[in-house]
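Chemist: mmCIF, C-alpha atoms, saved as query_38.cif, coming up:
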```cif
data_run
#
loop_
_atom_site.label_atom_id
_atom_site.label_comp_id
_atom_site.auth_asym_id
_atom_site.auth_seq_id
_atom_site.Cartn_x
_atom_site.Cartn_y
_atom_site.Cartn_z
CA MET A 1 -17.50 9.01 8.37
CA LYS A 2 -17.27 12.25 10.27
CA ASN A 3 -15.09 15.33 9.94
CA GLY A 4 -14.64 15.14 6.18
CA LEU A 5 -13.44 11.49 6.13
CA ALA A 6 -16.05 10.50 3.57
CA GLY A 7 -14.90 13.01 1.01
CA SER A 8 -17.76 15.41 1.75
CA ARG A 9 -17.95 18.21 -0.74
CA HIS A 10 -18.85 20.78 1.96
CA LEU A 11 -16.47 22.75 4.08
CA PRO A 12 -17.28 22.73 7.80
CA SER A 13 -19.65 25.49 8.92
CA ALA A 14 -16.83 27.61 10.33
CA PHE A 15 -13.49 27.16 8.65
CA CYS A 16 -10.92 29.76 7.62
CA LEU A 17 -9.02 28.45 4.56
CA LEU A 18 -7.96 31.73 2.94
CA PRO A 19 -5.88 34.42 4.68
CA SER A 20 -7.33 35.78 7.92
CA ALA A 21 -9.37 38.45 6.14
CA PHE A 22 -11.48 35.73 4.46
CA CYS A 23 -13.33 33.54 6.93
CA LEU A 24 -15.82 31.26 5.28
CA LEU A 25 -19.21 30.45 6.74
CA ILE A 26 -20.76 27.75 4.63
CA GLY A 27 -24.07 26.01 5.25
CA ALA A 28 -24.93 22.50 4.14
CA SER A 29 -27.73 23.61 1.89
CA GLY A 30 -28.24 20.40 -0.06
CA ALA A 31 -26.53 17.06 -0.66
CA GLY A 32 -24.00 17.12 -3.47
CA ILE A 33 -24.22 20.93 -3.96
CA VAL A 34 -21.07 23.03 -3.64
CA SER A 35 -21.62 26.74 -2.95
CA PRO A 36 -19.76 29.41 -4.96
CA ILE A 37 -17.87 30.36 -1.79
CA ALA A 38 -16.72 26.77 -1.33
CA LYS A 39 -15.56 26.69 -4.94
CA ALA A 40 -13.59 29.89 -4.34
CA ALA A 41 -11.94 28.36 -1.27
CA GLU A 42 -11.09 25.23 -3.22
CA SER A 43 -9.59 27.23 -6.08
CA ALA A 44 -7.30 29.04 -3.61
CA PHE A 45 -5.76 25.73 -2.55
CA PRO A 46 -2.86 25.10 -2.57
CA ALA A 47 -1.19 28.42 -1.89
CA ARG A 48 2.15 26.98 -0.74
CA PRO A 49 4.20 23.76 -1.05
CA ILE A 50 2.79 20.47 0.27
CA ARG A 51 4.63 18.02 2.50
CA PHE A 52 4.18 14.34 1.60
CA VAL A 53 5.30 12.06 4.46
CA VAL A 54 6.46 8.67 3.22
CA PRO A 55 6.97 6.40 6.24
CA PHE A 56 9.44 4.13 4.44
CA PRO A 57 13.08 4.47 3.32
CA PRO A 58 14.10 6.09 0.02
CA GLY A 59 14.35 3.69 -2.90
CA THR A 60 11.59 1.34 -1.82
CA THR A 61 8.68 0.66 -4.18
CA THR A 62 6.40 2.86 -2.10
CA ASP A 63 8.93 5.70 -2.15
CA VAL A 64 9.41 5.49 -5.92
CA VAL A 65 5.65 5.55 -6.47
CA ALA A 66 5.19 8.46 -4.07
CA ARG A 67 7.86 10.56 -5.77
CA LEU A 68 6.46 9.92 -9.23
CA VAL A 69 2.95 10.85 -8.15
CA ALA A 70 4.17 13.86 -6.15
CA LEU A 71 6.02 15.32 -9.13
CA ARG A 72 3.16 14.94 -11.59
CA THR A 73 0.41 16.00 -9.18
CA GLY A 74 2.48 18.97 -8.05
CA ASN A 75 2.65 20.10 -11.67
CA ARG A 76 -1.13 19.85 -11.91
CA LEU A 77 -1.65 21.80 -8.69
CA GLY A 78 0.98 24.41 -9.49
CA GLN A 79 2.86 23.75 -6.25
CA THR A 80 5.85 21.68 -5.18
CA ILE A 81 5.05 18.49 -3.28
CA VAL A 82 8.04 17.67 -1.09
CA VAL A 83 8.54 14.00 -0.18
CA ASP A 84 9.66 13.60 3.43
CA ASN A 85 10.88 10.07 4.28
CA ARG A 86 10.24 9.21 7.93
CA ALA A 87 10.93 5.49 8.18
CA GLY A 88 10.72 3.31 11.26
CA ALA A 89 8.58 0.74 13.06
CA SER A 90 7.11 -0.68 9.84
CA GLY A 91 5.90 2.73 8.78
CA THR A 92 3.99 3.60 11.93
CA ILE A 93 6.35 6.37 13.11
CA GLY A 94 5.90 8.53 10.03
CA THR A 95 2.21 7.70 9.85
CA GLU A 96 1.62 8.88 13.41
CA MET A 97 3.40 12.13 12.57
CA VAL A 98 0.75 12.93 9.98
CA THR A 99 -2.01 12.78 12.61
CA ARG A 100 -0.36 15.66 14.48
CA ALA A 101 -0.19 17.96 11.46
CA THR A 102 -2.50 20.92 10.98
CA PRO A 103 -5.62 19.66 9.16
CA ASP A 104 -5.36 22.09 6.25
CA GLY A 105 -4.42 19.74 3.38
CA TYR A 106 -0.76 20.77 3.31
CA THR A 107 0.47 17.56 4.94
CA TRP A 108 -0.17 14.21 3.25
CA GLY A 109 0.77 10.75 4.39
CA LEU A 110 1.44 7.68 2.30
CA GLY A 111 -0.56 4.83 3.79
CA THR A 112 -0.30 1.13 2.95
CA THR A 113 -1.73 -2.24 3.88
CA THR A 114 0.90 -2.28 6.62
CA THR A 115 0.22 1.12 8.18
CA HIS A 116 -3.57 1.27 7.74
CA ALA A 117 -4.70 -2.35 8.06
CA LEU A 118 -2.11 -4.59 9.72
CA ALA A 119 -0.77 -2.10 12.26
CA ARG A 120 -4.04 -1.85 14.17
CA ILE A 121 -4.43 -5.65 14.27
CA LEU A 122 -0.92 -6.21 15.54
CA ASN A 123 -0.69 -3.39 18.06
CA PRO A 124 -3.73 -2.53 20.21
CA LYS A 125 -1.67 0.32 21.71
CA LEU A 126 -0.91 1.88 18.33
CA GLY A 127 -0.48 5.63 18.59
CA TYR A 128 -3.11 6.35 15.96
CA ASP A 129 -6.41 5.02 14.70
CA PRO A 130 -6.23 4.40 10.92
CA ILE A 131 -9.92 5.29 10.51
CA ARG A 132 -10.64 7.91 13.15
CA ASP A 133 -7.43 9.94 12.77
CA PHE A 134 -7.29 10.21 8.97
CA ALA A 135 -9.30 11.37 6.03
CA SER A 136 -8.95 8.99 3.09
CA VAL A 137 -7.97 10.84 -0.09
CA ALA A 138 -7.08 8.46 -2.92
CA LEU A 139 -5.83 4.99 -3.77
CA LEU A 140 -2.62 5.11 -5.78
CA GLY A 141 -2.76 1.40 -6.56
CA ASP A 142 -1.24 -1.84 -5.41
CA SER A 143 1.86 -3.93 -5.80
CA PRO A 144 1.39 -7.70 -5.84
CA TYR A 145 4.03 -10.14 -4.67
CA PHE A 146 6.13 -12.69 -6.52
CA LEU A 147 6.90 -16.17 -5.32
CA THR A 148 10.49 -16.44 -6.53
CA ALA A 149 12.68 -19.48 -6.13
CA ASN A 150 16.32 -20.36 -6.49
CA PRO A 151 16.78 -22.25 -9.80
CA ALA A 152 18.20 -25.21 -7.89
CA LEU A 153 14.75 -25.88 -6.46
CA PRO A 154 13.05 -28.56 -8.60
CA ALA A 155 9.93 -26.50 -9.26
CA ALA A 156 9.07 -24.28 -12.22
CA ASN A 157 5.64 -23.15 -11.03
CA VAL A 158 3.37 -23.06 -7.99
CA ARG A 159 1.90 -26.52 -8.57
CA GLU A 160 5.33 -28.14 -8.71
CA PHE A 161 6.47 -26.17 -5.67
CA VAL A 162 3.45 -27.32 -3.65
CA ALA A 163 4.07 -30.93 -4.65
CA TYR A 164 7.71 -30.66 -3.61
CA ALA A 165 6.81 -28.95 -0.33
CA ARG A 166 4.31 -31.70 0.50
CA ALA A 167 7.01 -34.29 -0.10
CA ASN A 168 9.43 -32.37 2.14
CA PRO A 169 7.38 -31.03 5.06
CA GLY A 170 9.16 -28.50 7.24
CA LYS A 171 12.33 -28.54 5.14
CA LEU A 172 11.68 -25.50 2.92
CA HIS A 173 12.26 -21.90 3.98
CA TYR A 174 10.51 -18.82 2.68
CA ALA A 175 11.63 -15.24 3.23
CA SER A 176 9.80 -11.99 3.78
CA VAL A 177 10.82 -8.51 4.91
CA GLY A 178 9.70 -9.22 8.47
CA ASN A 179 7.27 -10.86 10.83
CA PHE A 180 3.66 -9.95 10.05
CA SER A 181 4.64 -8.20 6.84
CA VAL A 182 2.34 -8.76 3.86
CA GLY A 183 4.93 -11.18 2.45
CA HIS A 184 4.93 -13.18 5.67
CA LEU A 185 1.14 -13.36 5.77
CA ALA A 186 1.00 -14.22 2.06
CA GLY A 187 3.18 -17.22 2.90
CA GLU A 188 0.92 -18.25 5.77
CA LEU A 189 -2.08 -17.90 3.47
CA LEU A 190 -0.37 -20.22 0.95
CA LYS A 191 0.53 -22.75 3.65
CA LYS A 192 -3.10 -23.02 4.69
CA ALA A 193 -4.54 -23.05 1.15
CA ALA A 194 -2.04 -25.64 -0.13
CA ARG A 195 -1.77 -27.64 3.11
CA ILE A 196 2.01 -27.43 3.20
CA ASP A 197 4.54 -26.85 5.96
CA MET A 198 7.42 -24.46 5.40
CA VAL A 199 9.50 -22.28 7.72
CA HIS A 200 9.28 -18.48 7.66
CA VAL A 201 12.57 -16.55 7.75
CA PRO A 202 12.13 -12.82 8.43
CA TYR A 203 14.64 -10.34 7.02
CA LYS A 204 15.18 -6.65 7.67
CA GLY A 205 14.98 -5.79 3.99
CA SER A 206 14.25 -7.29 0.60
CA ASN A 207 17.87 -6.95 -0.55
CA LEU A 208 19.12 -9.14 2.30
CA ALA A 209 16.54 -11.79 1.49
CA LEU A 210 17.50 -11.73 -2.18
CA ILE A 211 21.17 -12.22 -1.33
CA ASP A 212 20.39 -15.42 0.56
CA LEU A 213 17.91 -16.59 -2.08
CA LEU A 214 20.45 -16.12 -4.87
CA ALA A 215 23.05 -17.97 -2.77
CA GLY A 216 20.69 -20.88 -2.19
CA ARG A 217 20.50 -20.45 1.59
CA ILE A 218 16.72 -20.19 1.37
CA GLU A 219 14.43 -21.73 -1.24
CA LEU A 220 11.64 -19.19 -1.67
CA ASN A 221 11.12 -15.45 -1.36
CA ILE A 222 7.78 -13.65 -1.23
CA SER A 223 8.40 -10.01 -2.06
CA THR A 224 7.18 -7.16 -4.19
CA ILE A 225 7.72 -7.66 -7.86
CA ALA A 226 10.00 -4.67 -8.38
CA ALA A 227 12.64 -6.12 -6.05
CA SER A 228 12.75 -9.50 -7.78
CA LEU A 229 12.09 -8.59 -11.40
CA PRO A 230 15.67 -7.82 -12.53
CA HIS A 231 16.89 -11.20 -11.22
CA VAL A 232 13.99 -13.04 -12.83
CA ARG A 233 14.65 -11.40 -16.20
CA ALA A 234 18.34 -12.27 -15.87
CA GLY A 235 17.46 -15.93 -15.28
CA LYS A 236 18.97 -15.94 -11.80
CA LEU A 237 15.62 -16.63 -10.15
CA HIS A 238 12.47 -18.48 -11.17
CA ALA A 239 9.12 -16.69 -10.88
CA LEU A 240 6.73 -19.39 -9.71
CA GLY A 241 3.62 -17.27 -9.37
CA VAL A 242 2.18 -13.86 -8.65
CA THR A 243 -0.17 -13.12 -5.76
CA SER A 244 -2.47 -10.66 -7.56
CA VAL A 245 -5.96 -11.40 -8.86
CA LYS A 246 -4.74 -11.16 -12.45
CA ARG A 247 -1.40 -11.55 -14.17
CA VAL A 248 0.92 -8.56 -14.28
CA PRO A 249 2.10 -6.96 -17.53
CA ALA A 250 5.73 -7.02 -16.34
CA LEU A 251 5.77 -10.84 -16.56
CA PRO A 252 2.59 -11.90 -18.36
CA GLN A 253 3.75 -15.50 -18.69
CA THR A 254 3.80 -15.97 -14.92
CA PRO A 255 0.45 -17.34 -13.66
CA THR A 256 -1.30 -16.16 -10.52
CA VAL A 257 -1.39 -18.39 -7.47
CA ALA A 258 -5.19 -18.39 -7.78
CA GLU A 259 -5.13 -19.84 -11.29
CA SER A 260 -2.51 -22.39 -10.21
CA GLY A 261 -5.09 -24.35 -8.26
CA PHE A 262 -5.87 -22.07 -5.33
CA PRO A 263 -8.90 -19.95 -6.28
CA GLY A 264 -9.49 -16.89 -4.14
CA TYR A 265 -5.84 -16.54 -3.17
CA GLN A 266 -4.77 -12.89 -3.24
CA ALA A 267 -2.24 -10.71 -1.44
CA SER A 268 -0.92 -7.30 -2.34
CA LEU A 269 0.50 -4.13 -0.87
CA TRP A 270 -1.99 -1.36 -1.60
CA VAL A 271 -0.87 2.24 -1.34
CA GLY A 272 -2.97 5.34 -0.75
CA VAL A 273 -2.84 8.98 0.24
CA PHE A 274 -4.27 10.10 3.57
CA VAL A 275 -4.49 13.44 5.37
CA PRO A 276 -5.26 14.30 8.98
CA ALA A 277 -8.88 14.09 10.03
CA ARG A 278 -10.84 17.35 9.79
CA VAL A 279 -9.23 18.44 6.54
CA PRO A 280 -12.11 20.21 4.72
CA GLY A 281 -14.13 17.98 2.44
CA ALA A 282 -13.70 20.37 -0.49
CA VAL A 283 -9.92 20.06 -0.24
CA VAL A 284 -10.12 16.26 0.02
CA ALA A 285 -12.34 16.17 -3.07
CA LEU A 286 -9.94 18.40 -5.02
CA LEU A 287 -6.96 16.24 -4.09
CA ASN A 288 -8.84 13.08 -5.02
CA ARG A 289 -9.63 14.48 -8.47
CA GLU A 290 -6.07 15.63 -9.12
CA LEU A 291 -4.46 12.42 -7.90
CA ASN A 292 -6.84 10.30 -9.98
CA ALA A 293 -6.11 12.49 -13.00
CA THR A 294 -2.39 11.92 -12.44
CA LEU A 295 -2.95 8.15 -12.33
CA ARG A 296 -4.87 8.26 -15.62
CA SER A 297 -1.89 9.80 -17.39
CA ALA A 298 -0.33 7.38 -19.89
CA GLU A 299 3.13 8.58 -18.86
CA VAL A 300 2.48 7.82 -15.19
CA ARG A 301 0.84 4.46 -15.91
CA ASP A 302 3.84 3.40 -17.99
CA ALA A 303 6.26 4.49 -15.27
CA LEU A 304 4.27 2.62 -12.62
CA ALA A 305 4.21 -0.48 -14.82
CA GLU A 306 8.02 -0.47 -14.69
CA GLN A 307 7.64 -0.90 -10.94
CA ALA A 308 5.05 -3.65 -11.52
CA PHE A 309 2.62 -1.33 -9.76
CA GLU A 310 -1.03 -1.37 -10.82
CA PRO A 311 -2.58 2.11 -10.50
CA GLY A 312 -5.93 2.33 -8.78
CA GLU A 313 -8.68 4.89 -8.76
CA LEU A 314 -11.19 5.20 -5.92
CA THR A 315 -13.26 7.88 -4.25
CA PRO A 316 -12.35 8.79 -0.67
CA ASP A 317 -15.29 6.66 0.47
CA GLY A 318 -13.95 3.77 -1.60
CA VAL A 319 -10.54 4.00 0.06
CA GLY A 320 -12.20 3.87 3.47
CA ARG A 321 -14.16 0.76 2.51
CA LEU A 322 -11.02 -0.91 1.18
CA MET A 323 -9.24 -0.24 4.45
CA ARG A 324 -12.04 -1.84 6.47
CA VAL A 325 -12.31 -4.88 4.21
CA GLU A 326 -8.55 -5.47 4.23
CA THR A 327 -8.33 -5.12 8.00
CA LYS A 328 -11.04 -7.75 8.44
CA ARG A 329 -9.47 -10.09 5.89
CA TRP A 330 -5.95 -9.98 7.32
CA ARG A 331 -7.24 -10.34 10.87
CA LYS A 332 -8.83 -13.62 9.80
CA VAL A 333 -5.60 -14.79 8.14
CA ILE A 334 -3.63 -14.06 11.32
CA THR A 335 -6.21 -15.81 13.50
CA ASP A 336 -6.52 -18.85 11.23
CA SER A 337 -2.73 -19.19 11.07
CA GLY A 338 -2.44 -19.24 14.84
CA LEU A 339 0.07 -16.40 14.78
CA LYS A 340 0.45 -14.39 17.96
CA PRO A 341 1.36 -10.72 17.53
CA GLU A 342 4.21 -9.69 19.78
#
```
Would you mind writing the file's structure down as structure tokens?
Modeler:
Amino acid sequence: MKNGLAGSRHLPSAFCLLPSAFCLLIGASGAGIVSPIAKAAESAFPARPIRFVVPFPPGTTTDVVARLVALRTGNRLGQTIVVDNRAGASGTIGTEMVTRATPDGYTWGLGTTTTHALARILNPKLGYDPIRDFASVALLGDSPYFLTANPALPAANVREFVAYARANPGKLHYASVGNFSVGHLAGELLKKAARIDMVHVPYKGSNLALIDLLAGRIELNISTIAASLPHVRAGKLHALGVTSVKRVPALPQTPTVAESGFPGYQASLWVGVFVPARVPGAVVALLNRELNATLRSAEVRDALAEQAFEPGELTPDGVGRLMRVETKRWRKVITDSGLKPE
């Protein structure tokens, strides 16, 4: 990648990070070597509070994760990290805002599968390019989805649900938080893998879907675990399966869809931190180290586990590769399903 996207450890050849009296001229004098001047610039960052744009409403899983990470990483950096919720258009409004910020490391954006993989597939006229306009910083982790059913449905697991769906083609309804959301596409992926026919019902929020699921107006919901977990633990909903590669500690008795007879099945909402393109590589590298250190904290890992969120740890290059792989994978799912983006 160019312009610091690959987590380069060199500042650009002419970049003024410190106050105006200190302009840094740094040469690329060897791969992997950081000059003393670059180290000095890095140590001066951050000198003021950081703005963390979360393009989703307060209280969502992504918002809870962002606030937890912001608090702990801010303590490590010695600066306040202020979460700024800018929801709208499936996260693309707030995400586009980040691209217009000064590329100095003081504006972060929370990026997800939706904003940095699906958005570009679904909207060729998107106001930003997820790869060109951002520098990848760190992967915070991912949140798998639960297949939860109303107890009245005669199915206690994925295998029984598939058998029932095959016996009742087109009669079952599954909910997600909207068309072309990860939950929606996870349902389409299951339909193809299991050779079943069920009707998608999009909702404007997970709470609305849960209300109808609890009332028996729909049979299945595919949503993040945190939204469904309290109802599952209370016995009001049945957890049929989880969409992650491995079982989740929050409900270890619930099998994955993959181990229920559909190997290779996987769907999750991954969450990462991105900054505008051209943020100096030394700053990106510093942020990557501090965010990864935050995620290794036992306190943070325990708090994330309460949200059924699996922390991740990647280099900036690794985040970029994940974004490309996920974009390719979901494009294939959309194409194979015959879905037509609006």
Chemist: For each of A:Ser244, A:Asn288, A:Asn123, A:Gln79, take the minimum atom-to-atom distance to A:Glu259, counting all atoms listed in the file, then give the residue where this is smallest.
Modeler: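 Answer, going by the shortest atom-to-atom distance: A:Ser244.
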Chemist: Which of these, A:Gly178, A:Ser223, A:Gly183, A:Asp63, has the shortest distance to A:Tyr203 once you count all atoms listed in the file?
Modeler: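 Residue with the minimum atom-to-atom distance to A:Tyr203: A:Gly178.
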Chemist: Looking at all atoms listed in the file, which of A:Leu189, A:Ala47, A:Leu287, A:Leu68 is the one that sits closest to A:Asp302?
Modeler: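 Going through A:Leu189, A:Ala47, A:Leu287, A:Leu68 one by one, the smallest distance to A:Asp302 is for A:Leu68.
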Chemist: Have a look at A:Ser228, A:Ser268, A:Asn150, A:Thr243 and name the one nearest to A:Ser181; count all atoms listed in the file.
Modeler: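 Going through A:Ser228, A:Ser268, A:Asn150, A:Thr243 one by one, the smallest distance to A:Ser181 is for A:Ser268.
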Chemist: State, in Å with one decimal place, the distance from atom CA of A:Thr294 to atom CA of A:Pro276.
Modeler: 21.7 Å
Chemist: Please return the centre and edge lengths, in Å to one decimal, of a box with edges along x, y and z that contains all listed atoms of stretch 106-124 of chain A, widened by 8 Å on every side, as JSON.
Modeler:
```
{"center_x": -1.6, "center_y": 7.3, "center_z": 11.3, "size_x": 22.1, "size_y": 43.0, "size_z": 33.9}
```
Chemist: For A:Arg301, list every protein, DNA or RNA residue within 8 Å, evaluated using only C-alpha atoms, and leave out those in the same chain fewer than 4 positions away; present the list as a list in words.
Modeler: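 Skipping anything fewer than 4 positions along the chain leaves Leu295, Arg296, Ser297, Ala305, Glu310 and Pro311 of chain A.
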Chemist: Step by step, work through what the PyMOL selection byres ((chain A and resi 241) around 6) selects in the shown file, and finish by giving those residues as an mmCIF file with C-alpha atoms, in the frame of the given file.
Modeler:
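Wrote out-v4.cif, looks like this:
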```cif
data_model
loop_
_atom_site.group_PDB
_atom_site.id
_atom_site.type_symbol
_atom_site.label_atom_id
_atom_site.label_comp_id
_atom_site.auth_asym_id
_atom_site.auth_seq_id
_atom_site.Cartn_x
_atom_site.Cartn_y
_atom_site.Cartn_z
ATOM 1 C CA PHE A 146 6.130 -12.690 -6.520
ATOM 2 C CA LEU A 147 6.900 -16.170 -5.320
ATOM 3 C CA VAL A 158 3.370 -23.060 -7.990
ATOM 4 C CA ALA A 239 9.120 -16.690 -10.880
ATOM 5 C CA LEU A 240 6.730 -19.390 -9.710
ATOM 6 C CA VAL A 242 2.180 -13.860 -8.650
ATOM 7 C CA THR A 254 3.800 -15.970 -14.920
ATOM 8 C CA PRO A 255 0.450 -17.340 -13.660
ATOM 9 C CA THR A 256 -1.300 -16.160 -10.520
ATOM 10 C CA VAL A 257 -1.390 -18.390 -7.470
#
```
Chemist: If the PyMOL selection byres ((chain A and resi 190) around 12) is run on the structure shown, which residues does it catch, given as a count of residues only?
Modeler: 39
Chemist: Can you translate the PyMOL selection byres ((chain A and resi 50) around 9) into the concrete residues it hits in this file, as number ranges by chain?
Modeler: A: 46, 48-49, 51-52, 74, 79-83, 105-108
Chemist: Mind pulling up the distance from atom CA of A:Gly91 to atom CA of A:Leu286?
Modeler: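 Answer for the atom CA of A:Leu286 to atom CA of A:Gly91 separation: 26.2 Å.
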Chemist: For A:Ile218, list every protein, DNA or RNA residue within 9 Å, evaluated using all atoms listed in the file, and leave out those in the same chain fewer than 6 positions away; present the list as JSON, numbers by chain.
Modeler: {"A": [149, 150, 172, 173, 174, 175, 201, 209, 212]}
Chemist: Would you mind reading off the distance between atom CA of A:Pro230 and atom CA of A:Thr62, one decimal, in Å?
Modeler: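 Separation between atom CA of A:Pro230 and atom CA of A:Thr62: 17.6 Å.
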Chemist: Taking only residues of stretch 193-285 of chain A that have an atom at most 10 Å from an atom of stretch 312-332 of chain A, what is each one's shortest atom pair and its distance in Å to one decimal, using all atoms listed in the file, in chain and number order, as CSV?
Modeler:
```
residue,atom,partner,partner_atom,distance
A:Ala267,CA,A:Trp330,CA,9.5
A:Trp270,CA,A:Gly312,CA,9.0
A:Val271,CA,A:Gly312,CA,9.0
A:Gly272,CA,A:Val319,CA,7.7
A:Val273,CA,A:Val319,CA,9.2
A:Phe274,CA,A:Pro316,CA,9.2
A:Gly281,CA,A:Pro316,CA,9.9
A:Val284,CA,A:Pro316,CA,7.8
A:Ala285,CA,A:Pro316,CA,7.8
```
Chemist: Which one is closest to A:Asp129: A:Asn75, A:Thr95, A:Ser176, A:Ser206? Count only C-alpha atoms.
Modeler: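 When distances to A:Asp129 are compared using only C-alpha atoms, the smallest one comes from A:Thr95.
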